[in-house]
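Colleague: PDB, C-alpha atoms and all ligand atoms, saved as data-v2.pdb, coming up:
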ATOM      1  CA  MET A   1      36.670 -82.551  11.205  1.00  0.00           C
ATOM      2  CA  ALA A   2      36.963 -80.802  14.553  1.00  0.00           C
ATOM      3  CA  VAL A   3      37.894 -77.268  15.560  1.00  0.00           C
ATOM      4  CA  ASP A   4      40.422 -77.181  18.386  1.00  0.00           C
ATOM      5  CA  ARG A   5      42.477 -74.045  17.795  1.00  0.00           C
ATOM      6  CA  CYS A   6      42.857 -70.527  16.483  1.00  0.00           C
ATOM      7  CA  VAL A   7      44.584 -71.262  13.203  1.00  0.00           C
ATOM      8  CA  CYS A   8      45.604 -67.664  12.541  1.00  0.00           C
ATOM      9  CA  HIS A   9      47.677 -67.438  15.721  1.00  0.00           C
ATOM     10  CA  ASN A  10      48.383 -71.136  16.307  1.00  0.00           C
ATOM     11  CA  VAL A  11      46.911 -71.356  19.793  1.00  0.00           C
ATOM     12  CA  THR A  12      44.799 -74.313  20.842  1.00  0.00           C
ATOM     13  CA  LEU A  13      41.564 -74.171  22.768  1.00  0.00           C
ATOM     14  CA  ALA A  14      43.280 -76.367  25.378  1.00  0.00           C
ATOM     15  CA  GLU A  15      45.987 -73.701  25.786  1.00  0.00           C
ATOM     16  CA  LEU A  16      43.308 -71.012  26.040  1.00  0.00           C
ATOM     17  CA  LYS A  17      41.427 -73.097  28.595  1.00  0.00           C
ATOM     18  CA  ALA A  18      44.580 -73.365  30.706  1.00  0.00           C
ATOM     19  CA  MET A  19      44.790 -69.552  30.671  1.00  0.00           C
ATOM     20  CA  SER A  20      41.096 -69.064  31.364  1.00  0.00           C
ATOM     21  CA  THR A  21      41.518 -69.180  35.130  1.00  0.00           C
ATOM     22  CA  LYS A  22      43.203 -65.770  34.859  1.00  0.00           C
ATOM     23  CA  ALA A  23      41.720 -64.529  31.584  1.00  0.00           C
ATOM     24  CA  THR A  24      38.016 -65.148  31.677  1.00  0.00           C
ATOM     25  CA  THR A  25      36.758 -63.329  28.597  1.00  0.00           C
ATOM     26  CA  VAL A  26      37.446 -63.495  24.882  1.00  0.00           C
ATOM     27  CA  ASP A  27      38.940 -60.001  25.026  1.00  0.00           C
ATOM     28  CA  GLU A  28      41.336 -61.020  27.812  1.00  0.00           C
ATOM     29  CA  LEU A  29      42.385 -64.172  25.955  1.00  0.00           C
ATOM     30  CA  SER A  30      42.794 -62.143  22.753  1.00  0.00           C
ATOM     31  CA  ALA A  31      45.031 -59.666  24.567  1.00  0.00           C
ATOM     32  CA  LYS A  32      47.277 -62.512  25.740  1.00  0.00           C
ATOM     33  CA  THR A  33      47.371 -64.658  22.583  1.00  0.00           C
ATOM     34  CA  ARG A  34      45.842 -62.609  19.740  1.00  0.00           C
ATOM     35  CA  CYS A  35      43.206 -65.326  19.273  1.00  0.00           C
ATOM     36  CA  CYS A  36      40.101 -64.037  17.483  1.00  0.00           C
ATOM     37  CA  THR A  37      42.032 -61.049  16.059  1.00  0.00           C
ATOM     38  CA  GLY A  38      42.742 -62.502  12.610  1.00  0.00           C
ATOM     39  CA  CYS A  39      39.927 -63.925  10.533  1.00  0.00           C
ATOM     40  CA  GLY A  40      37.699 -64.257  13.603  1.00  0.00           C
ATOM     41  CA  MET A  41      36.487 -67.737  12.684  1.00  0.00           C
ATOM     42  CA  CYS A  42      37.620 -69.101  16.065  1.00  0.00           C
ATOM     43  CA  LYS A  43      35.618 -66.646  18.169  1.00  0.00           C
ATOM     44  CA  PRO A  44      32.456 -68.758  18.529  1.00  0.00           C
ATOM     45  CA  TYR A  45      34.586 -71.739  19.518  1.00  0.00           C
ATOM     46  CA  VAL A  46      36.501 -69.700  22.105  1.00  0.00           C
ATOM     47  CA  ILE A  47      33.169 -68.539  23.531  1.00  0.00           C
ATOM     48  CA  LEU A  48      31.938 -72.144  23.640  1.00  0.00           C
ATOM     49  CA  MET A  49      35.187 -73.230  25.329  1.00  0.00           C
ATOM     50  CA  LEU A  50      34.717 -70.576  28.020  1.00  0.00           C
ATOM     51  CA  ARG A  51      31.108 -71.647  28.558  1.00  0.00           C
ATOM     52  CA  THR A  52      31.522 -75.420  28.441  1.00  0.00           C
ATOM     53  CA  GLY A  53      35.168 -76.201  29.159  1.00  0.00           C
ATOM     54  CA  ARG A  54      35.339 -78.318  26.011  1.00  0.00           C
ATOM     55  CA  THR A  55      38.395 -77.884  23.801  1.00  0.00           C
ATOM     56  CA  SER A  56      37.219 -79.496  20.566  1.00  0.00           C
ATOM     57  CA  PHE A  57      34.034 -78.886  18.625  1.00  0.00           C
ATOM     58  CA  PRO A  58      32.436 -80.033  15.415  1.00  0.00           C
ATOM     59  CA  VAL A  59      32.382 -77.351  12.723  1.00  0.00           C
ATOM     60  CA  LEU A  60      29.348 -75.151  13.349  1.00  0.00           C
ATOM     61  CA  PRO A  61      26.920 -74.236  10.574  1.00  0.00           C
ATOM     62  CA  PRO A  62      27.604 -70.605   9.531  1.00  0.00           C
ATOM     63  CA  HIS A  63      24.371 -69.212  10.999  1.00  0.00           C
ATOM     64  CA  GLU A  64      25.077 -70.892  14.362  1.00  0.00           C
ATOM     65  CA  ALA A  65      28.691 -69.632  14.377  1.00  0.00           C
ATOM     66  CA  GLN A  66      27.441 -66.079  13.737  1.00  0.00           C
ATOM     67  CA  ARG A  67      24.814 -66.365  16.485  1.00  0.00           C
ATOM     68  CA  ILE A  68      27.378 -67.573  19.050  1.00  0.00           C
ATOM     69  CA  ALA A  69      30.017 -65.014  17.991  1.00  0.00           C
ATOM     70  CA  ALA A  70      27.490 -62.258  18.709  1.00  0.00           C
ATOM     71  CA  LEU A  71      26.969 -63.482  22.293  1.00  0.00           C
ATOM     72  CA  ARG A  72      28.614 -61.824  25.265  1.00  0.00           C
ATOM     73  CA  ASP A  73      31.173 -64.062  26.924  1.00  0.00           C
TER      74      ASP A  73
HETATM   75  S1  LIG B 101      41.232 -68.692  13.472  1.00  0.00           S
HETATM   76 FE1  LIG B 101      41.421 -67.364  15.167  1.00  0.00          FE
HETATM   77  S2  LIG B 101      41.544 -65.387  14.271  1.00  0.00           S
HETATM   78 FE2  LIG B 101      41.500 -66.750  12.558  1.00  0.00          FE
END
Is it possible to give me this structure as structure tokens?
Ligand code: FES
Modeller:
Amino acid sequence: MAVDRCVCHNVTLAELKAMSTKATTVDELSAKTRCCTGCGMCKPYVILMLRTGRTSFPVLPPHEAQRIAALRD
């Protein structure tokens, strides 16, 4: 199973990546799409997308997801 989207707001990491030339932080992407403003489970994956350019990730272990979500983007 892979994570490739914000399920709460139905926006893919590929769509967010396409916007990331103008919106370069999680907060900016959230303002445009509402990603990360529901359950918040997608936040670590959005951060990883911004850092790596990848748009699909294996499900992270909970402790790793929490560690990444706490990082600054
Ligand atoms: S999956 Fe993105 S806020 Fe819930």
Colleague: Quick one: what's the axis-aligned box for segment 57-62 of chain A, all listed atoms, 3 Å on every side, centre and edges in Å to one decimal, as AutoDock Vina command-line options?
Modeller:
--center_x 30.5 --center_y -75.3 --center_z 14.1 --size_x 13.1 --size_y 15.4 --size_z 15.1
Colleague: So the first atom is atom CA of Pro62 of chain A and the second is atom FE1 of ligand LIG 101 (chain B); what is the distance between them in Å, to one decimal place?
Modeller: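 Distance reported for this atom pair: 15.3 Å.
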Colleague: Give me the residues near Phe57 of chain A as a PyMOL selection string, where near means some atom within 8 Å (using only C-alpha atoms) and where sequence neighbours in that chain fewer than 4 positions away do not count.
Modeller: chain A and resi 2-4+45
Colleague: Write out as a tab-separated table (two decimals) with C-alpha atoms, in the coordinates of the input the residues lying within 9 Å of Thr24 of chain A, counting all atoms listed in the file and excluding same-chain residues fewer than 4 positions away.
Modeller:
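around_18.tsv written:
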chain	number	residue	atom	x	y	z
A	19	MET	CA	44.79	-69.55	30.67
A	20	SER	CA	41.10	-69.06	31.36
A	28	GLU	CA	41.34	-61.02	27.81
A	29	LEU	CA	42.38	-64.17	25.96
A	50	LEU	CA	34.72	-70.58	28.02
A	73	ASP	CA	31.17	-64.06	26.92
Colleague: What's the separation between atom CA of Ala31 of chain A and atom CA of Val7 of chain A, in Å to one decimal place?
Modeller: 16.2 Å
Colleague: Show me which residues are within 10 Å of ligand LIG 101 (chain B) counting all atoms listed in the file, and format the list as a ChimeraX atom specification.
Modeller: /A:3-12,30,33-46
Colleague: For the selection just defined, write its residues with C-alpha atoms to a file, as a PDB file, in the frame of the given file.
Modeller:
ATOM      1  CA  VAL A   3      37.894 -77.268  15.560  1.00  0.00           C
ATOM      2  CA  ASP A   4      40.422 -77.181  18.386  1.00  0.00           C
ATOM      3  CA  ARG A   5      42.477 -74.045  17.795  1.00  0.00           C
ATOM      4  CA  CYS A   6      42.857 -70.527  16.483  1.00  0.00           C
ATOM      5  CA  VAL A   7      44.584 -71.262  13.203  1.00  0.00           C
ATOM      6  CA  CYS A   8      45.604 -67.664  12.541  1.00  0.00           C
ATOM      7  CA  HIS A   9      47.677 -67.438  15.721  1.00  0.00           C
ATOM      8  CA  ASN A  10      48.383 -71.136  16.307  1.00  0.00           C
ATOM      9  CA  VAL A  11      46.911 -71.356  19.793  1.00  0.00           C
ATOM     10  CA  THR A  12      44.799 -74.313  20.842  1.00  0.00           C
ATOM     11  CA  SER A  30      42.794 -62.143  22.753  1.00  0.00           C
ATOM     12  CA  THR A  33      47.371 -64.658  22.583  1.00  0.00           C
ATOM     13  CA  ARG A  34      45.842 -62.609  19.740  1.00  0.00           C
ATOM     14  CA  CYS A  35      43.206 -65.326  19.273  1.00  0.00           C
ATOM     15  CA  CYS A  36      40.101 -64.037  17.483  1.00  0.00           C
ATOM     16  CA  THR A  37      42.032 -61.049  16.059  1.00  0.00           C
ATOM     17  CA  GLY A  38      42.742 -62.502  12.610  1.00  0.00           C
ATOM     18  CA  CYS A  39      39.927 -63.925  10.533  1.00  0.00           C
ATOM     19  CA  GLY A  40      37.699 -64.257  13.603  1.00  0.00           C
ATOM     20  CA  MET A  41      36.487 -67.737  12.684  1.00  0.00           C
ATOM     21  CA  CYS A  42      37.620 -69.101  16.065  1.00  0.00           C
ATOM     22  CA  LYS A  43      35.618 -66.646  18.169  1.00  0.00           C
ATOM     23  CA  PRO A  44      32.456 -68.758  18.529  1.00  0.00           C
ATOM     24  CA  TYR A  45      34.586 -71.739  19.518  1.00  0.00           C
ATOM     25  CA  VAL A  46      36.501 -69.700  22.105  1.00  0.00           C
TER      26      VAL A  46
END
Colleague: Any idea what the distance is between atom CA of Val26 of chain A and atom CA of Leu60 of chain A?
Modeller: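 Computing the Euclidean distance for atom CA of Val26 of chain A and atom CA of Leu60 of chain A yields 18.3 Å.
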Colleague: Could you pull the residues within 8 Å of Lys17 of chain A, counting all atoms listed in the file, minus those fewer than 5 positions along the same chain, as a ChimeraX atom specification?
Modeller: /A:49-50,53,55
Colleague: For the file shown, what are the residues hit by the PyMOL selection byres (((chain A and resi 69) around 8) and not hetatm), laid out as JSON, numbers by chain?
Modeller: {"A": [43, 44, 47, 65, 66, 67, 68, 70, 71]}
